[in-house]
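Have a look at the structure below before the remarks.
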Amino acid sequence: MILSQYADTLRQGLIVAAESAGEEARAFAERLIAPLESTTRLVLLEALSEAAAEITRELAPGSVEVRLRGRDPEFVVTPPPAEQSFGSGSTQGARGSFEGDEGGASRTTLRLPDRLKAMVDDAAGREGLSVNAWLVRIIAAGLEAATGDRAVHRPGPSAGQKYTGWAR
């Protein structure tokens, strides 16, 4: 993604707005353009990073990362492994597959004591996962241990694999 085109659009908008106030305002706007370019790039990168984090929360255990190559960002999308994709009809998945489950996702409210929440945040961070992805993994492992049903467990990364997520 090339940020220059967005910075150019902002520059043109500033000059057009300043022209309506006269030549002195236009000259002032032109002097502001150079220092504003770095701020514009930073704000755009922050917006892209936040958007990637939102997408990652919905895509977990897959992820979207924003990486800088020179002065421009690029997106790196890591989809969930094929056997773990939701809606694929597979019997394995991060959330498990039970009788009558169509592979969708459900939202559940979970209230944790503050101390436990902090421990969950730390554990998820150490593994480079979102809290949601980490909890799904732990619940699946707990169900496997309790029921002996290996179809509910999502295996951890094997050699050469890594899971990525987001952090604030």
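Starting from 1 in every chain, residues are counted up; chains themselves are A, B, ... following the order of the structure tokens, and ligands are numbered from 1 as listed.
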Exercise. Can you tell me, as a list in words, what residues are no more than 8 Å from Ala124 in chain A when counting only C-alpha atoms, ignoring any on the same chain fewer than 6 positions away?
Worked result: Ser130, Val131 and Trp134 of chain A
Could you dump the residues just selected with C-alpha atoms as a tab-separated table (two decimals), in the first residue's frame?
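Result went into out-v1.tsv, see below:
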```tsv
chain	number	residue	atom	x	y	z
A	130	SER	CA	-5.47	-12.66	21.28
A	131	VAL	CA	-7.29	-13.40	24.53
A	134	TRP	CA	-6.09	-18.27	23.72
```
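One distance worth recording is that between CA of Gly128 in chain A and CA of Ala53 in chain A, which is 12.7 Å.
The smallest atom-to-atom distance between Ser49 in chain A and any of A:Pro79, A:Gly148, A:Pro113, A:Pro73, using only C-alpha atoms, is found for A:Pro73.
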Exercise. Got a sec: who's within 8 Å of range 2-14 of chain A, counting only C-alpha atoms, leaving out chain neighbours fewer than 3 positions off, as a ChimeraX atom specification?
Worked result: /A:17-18,29,33,37,40-41,44,72-73
